[in-house]
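> For reference, the file target05.txt (compact mmCIF, C-alpha atoms) is included below:
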# COMPACT_ATOMS: atom_id res chain seq x y z
CA MET A 137 -13.08 12.08 17.18
CA SER A 138 -14.90 13.48 20.18
CA GLU A 139 -12.50 11.95 22.70
CA SER A 140 -8.84 12.82 22.77
CA THR A 141 -6.46 9.91 22.82
CA GLN A 142 -2.88 9.74 23.98
CA CYS A 143 -1.55 8.68 20.60
CA GLN A 144 1.97 9.73 19.87
CA HIS A 145 2.15 8.37 16.34
CA PRO A 146 -0.04 9.50 13.48
CA PHE A 147 -2.63 7.03 12.33
CA GLN A 148 -1.08 5.04 9.52
CA LYS A 149 -3.80 2.49 8.80
CA LEU A 150 -7.58 2.43 9.05
CA CYS A 151 -9.98 -0.47 8.81
CA TYR A 152 -13.75 -0.14 8.88
CA VAL A 153 -15.76 -3.02 10.34
CA PRO A 154 -19.47 -2.68 9.52
CA SER A 155 -20.61 -4.27 12.77
CA SER A 156 -23.51 -3.12 14.91
CA SER A 157 -21.26 -0.58 16.59
CA LYS A 158 -19.78 0.58 13.27
CA LEU A 159 -16.21 0.07 14.35
CA LEU A 160 -13.21 1.90 13.02
CA LEU A 161 -9.90 0.24 13.76
CA ALA A 162 -7.00 2.67 13.56
CA ALA A 163 -3.33 1.81 13.83
CA ALA A 164 -0.97 4.39 15.31
CA GLY A 165 2.57 3.16 15.73
CA SER A 166 2.38 -0.22 17.43
CA HIS A 167 -1.12 0.29 18.84
CA ILE A 168 -4.51 -0.50 17.41
CA PHE A 169 -7.42 1.63 18.60
CA SER A 170 -11.10 0.73 18.29
CA PHE A 171 -13.49 3.62 17.82
CA THR A 172 -17.22 3.57 17.29
CA LEU A 173 -18.32 5.79 14.46
CA ARG A 174 -21.68 6.33 16.14
CA SER A 175 -20.21 8.60 18.76
CA GLY A 176 -16.50 8.76 18.01
CA LYS A 177 -15.77 7.19 21.38
CA LEU A 178 -12.64 5.15 21.95
CA LEU A 179 -13.82 1.68 22.92
CA ALA A 180 -10.61 -0.27 23.34
CA GLN A 181 -6.98 -0.42 22.40
CA TRP A 182 -4.39 -3.09 21.88
CA PRO A 183 -2.09 -3.68 23.59
CA SER A 184 -4.00 -2.56 26.64
CA ASN A 185 -2.26 -0.45 29.31
CA ALA A 186 -1.90 -3.46 31.61
CA GLN A 187 -0.19 -5.48 28.91
CA GLU A 188 2.11 -2.54 28.15
CA ASP A 189 3.17 -2.23 31.80
CA ASP A 190 4.07 -5.91 31.88
CA LYS A 191 6.14 -5.55 28.74
CA SER A 192 7.94 -2.42 29.94
CA ASP A 193 8.91 -4.26 33.14
CA GLU A 194 10.41 -7.03 31.01
CA VAL A 195 12.38 -4.54 28.93
CA GLU A 196 13.71 -2.82 32.07
CA ASN A 197 14.92 -6.12 33.50
CA GLU A 198 16.73 -6.89 30.27
CA GLY A 199 18.28 -3.44 30.20
CA SER A 200 19.72 -3.68 33.71
CA GLN A 201 21.65 -6.77 32.77
CA LYS A 202 23.59 -4.87 30.16
CA VAL A 203 25.20 -2.38 32.53
CA GLU A 204 28.54 -4.17 32.66
CA GLU A 205 30.02 -3.28 29.31
CA PRO A 206 33.64 -2.54 28.48
CA VAL A 207 34.43 1.15 28.50
CA SER A 208 34.41 2.74 25.10
CA LYS A 209 37.38 4.21 23.35
CA ARG A 210 37.85 7.85 24.29
CA ARG A 211 39.77 10.50 22.48
CA LYS A 212 41.97 12.70 24.62
CA VAL A 213 43.36 15.90 23.22
CA GLU A 214 46.29 17.74 24.83
CA PRO A 215 45.60 21.39 25.61
CA ILE A 216 47.22 23.75 23.13
CA MET A 217 49.81 25.78 25.11
CA ALA A 218 51.06 28.03 22.33
CA ASP A 219 49.37 31.34 21.60
CA GLU A 220 47.01 31.84 18.73
CA ASN A 221 49.52 33.41 16.43
CA SER A 222 51.88 30.54 16.64
CA SER A 223 52.22 28.56 13.52
CA ASP A 224 53.95 25.79 15.33
CA SER A 225 52.51 22.53 14.10
CA SER A 226 54.15 20.39 16.69
CA VAL A 227 50.99 20.04 18.82
CA SER A 228 50.26 16.38 19.16
CA VAL A 229 46.98 14.66 19.70
CA GLU A 230 46.99 11.63 21.89
CA ILE A 231 44.35 9.03 21.48
CA VAL A 232 43.86 6.98 24.58
CA ALA A 233 42.18 3.65 24.22
CA GLU A 234 40.65 2.81 27.56
CA ARG A 235 39.58 -0.68 26.71
CA ALA A 236 41.77 -3.63 27.34
CA LYS A 237 43.42 -5.30 24.42
CA GLY A 238 41.24 -7.99 22.89
CA GLN A 239 38.01 -6.57 24.27
CA ARG A 240 35.28 -5.46 21.95
CA ARG A 241 34.02 -1.94 21.76
CA LYS A 242 30.97 -1.01 23.75
CA GLN A 243 27.96 -2.42 22.03
CA LYS A 244 25.37 -0.05 20.71
CA PRO A 245 22.24 0.20 22.85
CA VAL A 246 19.60 -2.33 21.92
CA ASN A 247 17.10 -0.87 19.52
CA SER A 248 13.93 -1.00 21.54
CA THR A 249 11.49 0.04 18.78
CA VAL A 250 8.19 -1.69 19.24
CA PRO A 251 7.05 -3.07 15.88
CA LYS A 252 4.65 -0.81 14.03
CA VAL A 253 1.43 -2.02 12.50
CA SER A 254 1.52 -1.84 8.70
CA HIS A 255 -1.70 -3.64 7.67
CA ILE A 256 -5.09 -4.31 9.26
CA VAL A 257 -7.70 -6.54 7.62
CA ALA A 258 -11.01 -7.70 9.03
CA THR A 259 -12.93 -10.82 8.05
CA LYS A 260 -16.36 -10.45 6.45
CA ASP A 261 -18.04 -12.11 9.44
CA GLN A 262 -16.47 -9.38 11.65
CA ARG A 263 -15.20 -11.98 14.10
CA HIS A 264 -11.49 -11.73 13.38
CA VAL A 265 -8.95 -9.03 12.65
CA ILE A 266 -5.51 -9.66 11.17
CA ALA A 267 -2.67 -7.22 11.82
CA VAL A 268 0.80 -7.22 10.30
CA THR A 269 3.75 -5.57 11.99
CA THR A 270 6.83 -4.42 10.09
CA GLU A 271 9.96 -4.81 12.19
CA ASP A 272 9.25 -8.34 13.41
CA LYS A 273 7.46 -9.39 10.17
CA CYS A 274 4.66 -10.95 12.20
CA ILE A 275 1.05 -11.74 11.48
CA ARG A 276 -1.28 -11.52 14.47
CA VAL A 277 -4.86 -12.72 14.48
CA PHE A 278 -7.31 -11.19 16.94
CA GLU A 279 -10.81 -12.04 17.99
CA LEU A 280 -13.00 -8.96 17.69
CA GLY A 281 -15.43 -8.59 20.56
CA LYS A 282 -18.77 -6.81 20.36
CA LYS A 283 -17.43 -3.81 22.23
CA GLY A 284 -14.51 -3.43 19.87
CA LYS A 285 -12.07 -5.22 22.14
CA LEU A 286 -9.24 -7.01 20.40
CA LYS A 287 -8.13 -10.28 21.91
CA LEU A 288 -4.99 -11.82 20.52
CA LEU A 289 -5.68 -15.44 19.68
CA SER A 290 -3.13 -16.93 21.98
CA GLU A 291 -4.80 -19.63 23.94
CA ARG A 292 -4.83 -23.27 23.13
CA GLN A 293 -6.94 -25.77 24.86
CA ASP A 294 -5.74 -29.12 25.93
CA GLU A 295 -8.09 -31.56 27.51
CA CYS A 296 -6.90 -34.36 29.66
CA LEU A 297 -8.76 -36.93 31.64
CA VAL A 298 -7.93 -37.39 35.28
CA MET B 125 -14.08 -40.93 39.43
CA LEU B 126 -13.46 -39.39 36.07
CA GLY B 127 -13.21 -35.68 35.68
CA LEU B 128 -12.20 -33.32 32.98
CA ILE B 129 -9.40 -30.87 33.38
CA VAL B 130 -9.06 -28.15 30.87
CA CYS B 131 -5.55 -26.80 30.62
CA TRP B 132 -4.91 -23.48 29.00
CA PHE B 133 -1.52 -22.81 27.51
CA HIS B 134 -0.70 -19.18 26.99
CA ALA B 135 1.53 -18.62 24.03
CA ASP B 136 1.97 -15.52 21.92
CA GLY B 137 -0.14 -16.40 18.90
CA TYR B 138 1.81 -14.51 16.29
CA ARG B 139 3.48 -15.96 13.23
CA CYS B 140 6.72 -14.48 11.98
CA MET B 141 7.27 -14.59 8.25
CA PRO B 142 10.72 -14.88 6.69
CA LYS B 143 10.51 -11.53 4.93
CA ARG B 144 8.74 -8.23 5.49
CA LEU B 145 5.19 -8.26 4.19
CA CYS B 146 4.01 -5.76 1.61
CA ALA B 147 0.36 -6.72 1.26
CA ILE B 148 -2.15 -9.00 2.92
CA VAL B 149 -5.62 -10.14 1.91
CA LEU B 150 -8.10 -12.81 2.91
CA GLY B 151 -9.05 -15.62 0.61
CA ALA B 152 -11.08 -18.82 0.41
CA ALA B 153 -14.09 -17.43 2.28
CA ASP B 154 -11.85 -15.79 4.88
CA SER B 155 -10.31 -19.07 5.98
CA LEU B 156 -6.92 -18.29 4.43
CA ILE B 157 -4.54 -15.37 4.83
CA LEU B 158 -2.68 -14.52 1.62
CA ALA B 159 0.49 -12.55 2.30
CA ALA B 160 2.89 -10.99 -0.20
CA ASP B 161 6.44 -10.24 0.88
CA LYS B 162 9.22 -7.99 -0.35
CA PHE B 163 10.97 -10.88 -2.06
CA GLY B 164 8.09 -11.37 -4.47
CA ASP B 165 6.58 -14.44 -2.82
CA VAL B 166 2.93 -14.95 -1.94
CA TYR B 167 2.16 -17.32 0.92
CA SER B 168 -1.08 -18.71 2.23
CA LEU B 169 -1.64 -19.42 5.91
CA PRO B 170 -4.73 -20.67 7.67
CA LEU B 171 -6.54 -17.89 9.51
CA LEU B 172 -6.65 -19.82 12.76
CA ILE B 173 -3.66 -21.61 14.19
CA SER B 174 -4.48 -25.27 14.63
CA SER B 175 -4.08 -26.82 18.06
CA LYS B 176 -1.19 -28.96 16.84
CA GLU B 177 1.04 -26.00 16.13
CA ASN B 178 2.86 -23.81 18.59
CA PRO B 179 4.32 -20.92 16.67
CA ALA B 180 5.85 -19.58 19.89
CA LEU B 181 8.45 -22.29 19.71
CA PRO B 182 11.64 -21.22 17.94
CA PRO B 183 12.12 -22.75 14.52
CA PRO B 184 13.88 -26.11 14.72
CA ILE B 185 17.64 -25.88 14.32
CA ALA B 186 18.99 -28.00 11.51
CA LYS B 187 21.27 -30.78 12.68
CA LYS B 188 24.92 -30.24 11.93
CA SER B 189 25.88 -31.99 8.74
CA ALA B 190 28.58 -34.61 8.72
CA THR B 191 30.73 -32.48 6.46
CA ASP B 192 31.53 -29.67 8.91
CA PHE B 193 34.37 -27.38 8.05
CA LYS B 194 37.70 -28.91 9.04
CA PRO B 195 40.89 -26.89 8.84
CA SER B 196 43.45 -28.64 6.68
CA ALA B 197 46.30 -27.40 8.89
CA SER B 198 47.12 -28.70 12.34
CA GLU B 199 49.38 -27.68 15.17
CA LEU B 200 52.16 -29.79 13.73
CA THR B 201 52.19 -27.95 10.42
CA VAL B 202 51.95 -24.32 11.52
CA HIS B 203 54.77 -22.71 13.41
CA THR B 204 54.59 -18.95 13.38
CA ARG B 205 52.62 -17.07 15.99
CA GLY B 206 50.28 -15.51 13.47
CA ASN B 207 49.50 -18.81 11.77
CA ARG B 208 48.85 -20.54 15.08
CA GLU B 209 46.43 -17.81 16.04
CA ALA B 210 44.63 -18.19 12.70
CA LEU B 211 44.42 -21.96 13.21
CA ARG B 212 43.03 -21.51 16.71
CA GLN B 213 40.32 -19.23 15.37
CA GLN B 214 39.44 -21.67 12.61
CA GLN B 215 39.10 -24.49 15.12
CA GLU B 216 36.87 -22.35 17.32
CA GLN B 217 34.79 -21.47 14.29
CA LYS B 218 34.32 -25.17 13.61
CA ALA B 219 33.12 -25.74 17.19
CA THR B 220 30.51 -23.01 17.01
CA ALA B 221 29.54 -23.47 13.41
CA LYS B 222 26.48 -21.52 12.46
CA THR B 223 23.51 -23.74 12.05
CA ARG B 224 21.21 -23.25 9.13
CA LYS B 225 17.97 -21.55 9.91
CA GLU B 226 14.91 -23.48 9.04
CA GLY B 227 11.78 -21.85 7.68
CA PRO B 228 8.73 -20.98 9.75
CA ASN B 229 7.40 -23.90 11.76
CA PHE B 230 3.71 -23.08 11.32
CA GLU B 231 1.50 -24.23 8.50
CA HIS B 232 2.12 -22.12 5.42
CA LYS B 233 2.33 -22.65 1.67
CA LEU B 234 4.18 -20.80 -1.05
CA LEU B 235 1.62 -20.03 -3.74
CA LEU B 236 3.40 -18.00 -6.38
CA GLY B 237 6.40 -15.79 -6.95
CA HIS B 238 7.39 -12.64 -8.79
CA VAL B 239 11.00 -11.72 -9.44
CA SER B 240 10.47 -8.27 -8.03
CA LEU B 241 9.15 -6.63 -4.89
CA LEU B 242 5.39 -7.07 -4.57
CA THR B 243 3.36 -3.94 -4.01
CA ASP B 244 -0.27 -5.03 -3.86
CA LEU B 245 -2.32 -8.20 -3.65
CA ILE B 246 -6.06 -8.70 -4.14
CA THR B 247 -8.41 -11.59 -4.76
CA ALA B 248 -11.17 -11.81 -7.33
CA GLU B 249 -13.95 -14.13 -8.28
CA ALA B 250 -15.47 -14.81 -11.66
CA LYS B 251 -17.91 -17.25 -13.13
CA VAL B 252 -16.33 -19.61 -15.64
CA GLY B 253 -19.03 -21.74 -17.17
CA SER B 254 -21.18 -22.78 -14.27
CA LYS B 255 -18.49 -22.60 -11.62
CA ASP B 256 -17.28 -19.71 -9.48
CA ARG B 257 -13.53 -19.54 -9.73
CA GLN B 258 -11.14 -17.70 -7.44
CA TYR B 259 -8.22 -15.66 -8.70
CA ILE B 260 -5.24 -13.89 -7.17
CA LEU B 261 -4.06 -10.60 -8.66
CA SER B 262 -0.54 -9.52 -7.71
CA ALA B 263 1.30 -6.35 -8.68
CA ASP B 264 5.01 -5.68 -8.47
CA ARG B 265 7.54 -2.91 -8.77
CA ASP B 266 8.48 -3.94 -12.32
CA GLU B 267 5.16 -2.84 -13.86
CA HIS B 268 3.63 -6.34 -13.82
CA ILE B 269 0.08 -7.20 -12.87
CA ARG B 270 -0.27 -10.96 -12.80
CA VAL B 271 -3.59 -12.77 -12.75
CA SER B 272 -3.23 -16.27 -11.30
CA ARG B 273 -5.73 -18.95 -10.44
CA GLY B 274 -6.64 -19.25 -6.79
CA PRO B 275 -5.19 -21.91 -4.50
CA PRO B 276 -4.39 -24.75 -5.03
CA GLN B 277 -3.59 -23.78 -8.65
CA ALA B 278 -1.97 -20.42 -7.93
CA HIS B 279 1.10 -21.41 -9.93
CA ILE B 280 -1.01 -21.21 -13.11
CA ILE B 281 -0.86 -17.75 -14.63
CA GLU B 282 -4.05 -16.83 -16.43
CA ASN B 283 -2.75 -13.63 -17.97
CA TYR B 284 -1.00 -10.33 -17.35
CA CYS B 285 -2.43 -6.83 -17.47
CA HIS B 286 0.11 -4.85 -19.45
CA GLY B 287 0.15 -1.11 -19.75
CA HIS B 288 2.02 0.37 -16.83
CA LYS B 289 5.31 2.07 -17.59
CA GLU B 290 6.23 2.61 -13.96
CA PHE B 291 5.81 0.53 -10.83
CA VAL B 292 2.26 -0.55 -9.94
CA SER B 293 1.32 0.51 -6.43
CA LYS B 294 -2.42 -0.09 -5.99
CA MET B 295 -5.14 -2.25 -7.46
CA CYS B 296 -8.86 -2.21 -6.90
CA ILE B 297 -11.75 -4.22 -8.31
CA LEU B 298 -14.99 -2.26 -8.61
CA PRO B 299 -17.67 -3.89 -6.41
CA TRP B 300 -20.42 -2.81 -8.82
CA GLN B 301 -18.58 -4.05 -11.90
CA GLU B 302 -16.45 -6.96 -10.77
CA GLU B 303 -14.85 -7.57 -14.14
CA VAL B 304 -13.15 -4.17 -14.04
CA LEU B 305 -9.79 -3.63 -12.38
CA VAL B 306 -8.59 -0.09 -11.61
CA THR B 307 -4.86 0.35 -11.05
CA GLY B 308 -2.40 3.08 -10.28
CA GLY B 309 1.33 3.33 -9.90
CA GLY B 310 4.30 5.61 -10.39
CA GLU B 311 2.64 7.52 -13.22
CA ALA B 312 0.24 10.41 -13.06
CA SER B 313 -2.55 8.31 -14.49
CA ILE B 314 -5.15 5.72 -13.55
CA LYS B 315 -5.73 2.68 -15.72
CA SER B 316 -8.62 0.27 -15.97
CA PHE B 317 -8.58 -3.27 -17.34
CA LEU B 318 -10.83 -6.21 -17.93
CA TRP B 319 -8.62 -8.28 -15.66
CA GLN B 320 -9.77 -11.67 -16.98
CA THR B 321 -8.46 -10.92 -20.46
CA GLY B 322 -5.92 -8.17 -19.76
CA LYS B 323 -7.66 -5.74 -22.10
CA VAL B 324 -7.04 -2.07 -21.35
CA LEU B 325 -10.32 -0.21 -20.95
CA GLY B 326 -9.07 3.22 -20.07
CA ASP B 327 -6.03 5.31 -19.24
CA LEU B 328 -6.82 8.59 -17.54
CA SER B 329 -4.07 11.17 -17.11
CA VAL B 330 -4.55 13.26 -14.00
CA LEU B 331 -1.45 15.47 -13.82
CA GLU B 332 -3.18 18.51 -15.30
CA ALA B 333 -6.24 18.07 -13.14
CA VAL B 334 -4.13 17.83 -9.99
CA GLN B 335 -2.06 20.86 -11.02
CA ASN B 336 -5.23 22.86 -11.60
CA ALA B 337 -6.62 21.78 -8.26
CA ILE B 338 -3.43 22.85 -6.50
CA SER B 339 -3.21 26.20 -8.29
CA GLY B 340 -6.89 26.82 -7.55
CA SER B 341 -6.35 26.07 -3.91
CA GLU B 342 -6.59 28.89 -1.41
CA GLU B 343 -3.37 27.86 0.26
CA ASP B 344 -0.20 29.69 -0.57
CA LEU B 345 1.81 27.07 -2.41
CA SER B 346 4.24 29.46 -4.09
CA GLU B 347 7.15 28.01 -2.14
CA HIS B 348 6.41 24.50 -3.36
CA LYS B 349 8.20 23.13 -6.38
CA PRO B 350 6.13 22.67 -9.54
CA LEU B 351 4.44 19.30 -9.71
CA ARG B 352 6.14 16.96 -12.15
CA HIS B 353 5.76 13.45 -10.82
CA LEU B 354 2.80 11.82 -9.18
CA ALA B 355 2.36 8.36 -7.75
CA VAL B 356 -0.81 6.66 -6.63
CA SER B 357 -0.81 5.75 -2.95
CA GLY B 358 -4.41 4.60 -2.51
CA ILE B 359 -7.52 3.62 -4.49
CA TRP B 360 -10.86 3.20 -2.71
CA PRO B 361 -14.18 2.37 -4.37
CA VAL B 362 -17.32 4.04 -3.05
CA GLN B 363 -20.49 2.33 -4.12
CA ALA B 364 -23.40 4.67 -4.78
CA PRO B 365 -26.38 4.23 -2.47
CA HIS B 366 -28.93 1.95 -4.00
CA ALA B 367 -32.08 3.49 -5.45
CA LYS B 368 -35.47 2.78 -3.89
CA GLY B 369 -36.68 -0.64 -4.85
CA GLU B 370 -33.24 -1.69 -6.06
CA ASP B 371 -31.50 -4.58 -4.39
CA LYS B 372 -28.93 -3.16 -1.98
CA ALA B 373 -26.24 -5.54 -3.10
CA LYS B 374 -26.75 -4.74 -6.77
CA SER B 375 -26.15 -1.01 -6.85
CA SER B 376 -24.63 -0.55 -10.30
CA SER B 377 -22.64 2.61 -9.96
CA GLY B 378 -20.19 4.37 -7.79
CA PHE B 379 -17.04 6.36 -7.88
CA VAL B 380 -13.41 5.84 -7.02
CA LEU B 381 -11.27 7.87 -4.62
CA VAL B 382 -7.61 8.04 -5.56
CA ALA B 383 -4.82 9.42 -3.42
CA PHE B 384 -1.67 10.77 -5.06
CA GLU B 385 1.74 11.62 -3.71
CA GLY B 386 3.95 14.10 -5.45
Could you rewrite the structure in this file as structure tokens?


Amino acid sequence: MSESTQCQHPFQKLCYVPSSSKLLLAAAGSHIFSFTLRSGKLLAQWPSNAQEDDKSDEVENEGSQKVEEPVSKRRKVEPIMADENSSDSSVSVEIVAERAKGQRRKQKPVNSTVPKVSHIVATKDQRHVIAVTTEDKCIRVFELGKKGKLKLLSERQDECLV
Amino acid sequence: MLGLIVCWFHADGYRCMPKRLCAIVLGAADSLILAADKFGDVYSLPLLISSKENPALPPPIAKKSATDFKPSASELTVHTRGNREALRQQQEQKATAKTRKEGPNFEHKLLLGHVSLLTDLITAEAKVGSKDRQYILSADRDEHIRVSRGPPQAHIIENYCHGHKEFVSKMCILPWQEEVLVTGGGEASIKSFLWQTGKVLGDLSVLEAVQNAISGSEEDLSEHKPLRHLAVSGIWPVQAPHAKGEDKAKSSSGFVLVAFEG
């Protein structure tokens, strides 16, 4: 590709869409990139940077709420006073549990892996793209714009008379 | 005065399946998504979510049944400290009884099932008499390639393509010869079938060819272990460009690219 992209994951799936711009959809990690094979230029990506910023703000807010956790169990070892040649085996190891009785251990940090794209399929009319992600087992359907932009089909229309 | 207000609801339009998906393909003139999961089930979903559904809503929680768990002991019958603590925990468990998870709340249909993990899923079309019939071909880890009728008769198995001795990983129908199915799996060979009848057309062993290609390579592969096992990870048909005067859609030849892992 003529343009460098800031992809951190290798491309794991490709999908060619024989549209007028000869699109190549490439999945790298949880992102889908649209390239045009005419010039190799990156046309669009999903999720876009603006959408990513919104999501990272949400994750940060969730993370700050988990600060108050019970202290984890710590192991405290008494310093060995005897010299190295001593074969005295009376050194004791004291394990200090710093959590109160009945409290659970500190929970493991939430796994914040963003789901990776495992499959990309395009319809023959080149209007829609279907992507499957692994960790959340989800199917997403996108509308494929002329400039390679992917729009997640997320809007529903309700009409009401006033 | 009458007016029209258009209200837009923003909801994440993704649909979560019960199990991890192994393969996905479009069917019924791209109006259906056929998805195969790791449990061996193939589902069909409409491509577009209808306006009546809202997959963003959590699946409905099943109502608690009348026969909830009730501890047979009570505070009058248990006396020791340990038993009272156990009874207290049982009573708390009853109060927060786990509710059964319901399935997905969007439109979906179970089409067919294998008893093993599915590895690949493709659709095919063939003329039977005067009608064009749709078929679903599904491959699994237990060496099966099943040919089923298309929806709504996907439960009817037309036949199996037998021949693989290891798991089947990839299937491909040749666009220039649509009656031929090319498959690969955990063996160092590629097989071809007449998928409508299950007849084996060819079985090409490639281990020697791959070994020769590697030994003839300019790279220094002396540190690598000798190649013993190969598995197919991808099969892609490449249709030959049509000759002058020939109909573009009817180019009658091509070749197949196969990727191996070893």

> Write out as JSON, numbers by chain each polymer residue whose atoms come within 8 Å of region 141-158 of chain B, counting all atoms listed in the file; drop sequence neighbours fewer than 3 positions from it.

{"A": [255, 257, 259, 260, 268, 270, 271, 272, 273, 274, 275], "B": [161, 162, 163, 166, 167, 168, 169, 170, 171, 172, 227, 228, 242, 243, 244, 245, 246, 247, 258]}

> Restricting the calculation to only C-alpha atoms: of B:Pro195, B:Ser341, B:Asn336, B:Trp300, which residue gets closest to Phe379 (chain B)?

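The answer is B:Trp300, which sits nearest to Phe379 (chain B).
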
> Of the residues A:His264, A:Asn185, A:Leu286, A:Pro154, which is the one nearest to Ile168 (chain A), using all atoms listed in the file?

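The shortest atom-to-atom distance to Ile168 (chain A) comes from A:Leu286.
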
> To one decimal place, how far is CA of Gly237 (chain B) from CA of Tyr138 (chain B) in Å?

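Those two atoms sit 23.7 Å apart.
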
> Starting from the point (2.6, 5.4, 7.6), work out which residues of protein, DNA or RNA have an atom no more than 12 Å away when counting all atoms listed in the file; state them as a PyMOL selection string.

(chain A and resi 145-150+162-166+252-255+269-270) or (chain B and resi 357)

> Closest to His167 (chain A) among A:Trp182, A:Ile266, A:Glu279, A:Val250, using only C-alpha atoms?

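Looking at the shortest contact to His167 (chain A), the residue is A:Trp182.
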
> Any chance you could turn region 263-275 of chain B into a file with N, CA, C and O atoms, as a short mmCIF file (atom, residue, chain, number, x, y, z; two decimals), in the first residue's frame?


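And here is the file that came out, part_38.cif:
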data_model
loop_
_atom_site.label_atom_id
_atom_site.label_comp_id
_atom_site.auth_asym_id
_atom_site.auth_seq_id
_atom_site.Cartn_x
_atom_site.Cartn_y
_atom_site.Cartn_z
N ALA B 263 -18.90 -28.32 6.35
CA ALA B 263 -17.79 -29.22 6.66
C ALA B 263 -17.48 -29.14 8.14
O ALA B 263 -17.59 -28.06 8.74
N ASP B 264 -17.08 -30.28 8.72
CA ASP B 264 -16.79 -30.26 10.15
C ASP B 264 -15.44 -30.89 10.46
O ASP B 264 -14.72 -31.37 9.57
N ARG B 265 -15.12 -30.90 11.74
CA ARG B 265 -13.82 -31.37 12.17
C ARG B 265 -13.73 -32.90 12.11
O ARG B 265 -12.65 -33.46 12.17
N ASP B 266 -14.85 -33.57 11.99
CA ASP B 266 -14.86 -35.04 11.97
C ASP B 266 -14.92 -35.61 10.56
O ASP B 266 -15.58 -36.62 10.33
N GLU B 267 -14.30 -34.93 9.63
CA GLU B 267 -14.10 -35.38 8.25
C GLU B 267 -15.38 -35.42 7.42
O GLU B 267 -15.40 -36.01 6.34
N HIS B 268 -16.46 -34.80 7.90
CA HIS B 268 -17.72 -34.85 7.15
C HIS B 268 -17.88 -33.63 6.27
O HIS B 268 -17.58 -32.51 6.67
N ILE B 269 -18.40 -33.87 5.06
CA ILE B 269 -18.87 -32.78 4.21
C ILE B 269 -20.32 -33.14 3.89
O ILE B 269 -20.60 -34.13 3.22
N ARG B 270 -21.20 -32.32 4.38
CA ARG B 270 -22.63 -32.61 4.25
C ARG B 270 -23.24 -31.67 3.22
O ARG B 270 -22.99 -30.46 3.25
N VAL B 271 -24.03 -32.26 2.33
CA VAL B 271 -24.73 -31.46 1.32
C VAL B 271 -26.21 -31.48 1.71
O VAL B 271 -26.84 -32.54 1.70
N SER B 272 -26.74 -30.32 2.04
CA SER B 272 -28.15 -30.23 2.46
C SER B 272 -28.90 -29.34 1.50
O SER B 272 -28.30 -28.49 0.82
N ARG B 273 -30.20 -29.51 1.47
CA ARG B 273 -31.02 -28.59 0.65
C ARG B 273 -30.98 -27.23 1.31
O ARG B 273 -30.76 -27.07 2.49
N GLY B 274 -31.26 -26.21 0.49
CA GLY B 274 -31.29 -24.85 1.03
C GLY B 274 -32.53 -24.61 1.85
O GLY B 274 -33.46 -25.43 1.85
N PRO B 275 -32.55 -23.49 2.61
CA PRO B 275 -33.75 -23.18 3.39
C PRO B 275 -34.98 -23.08 2.49
O PRO B 275 -34.84 -22.62 1.35
#
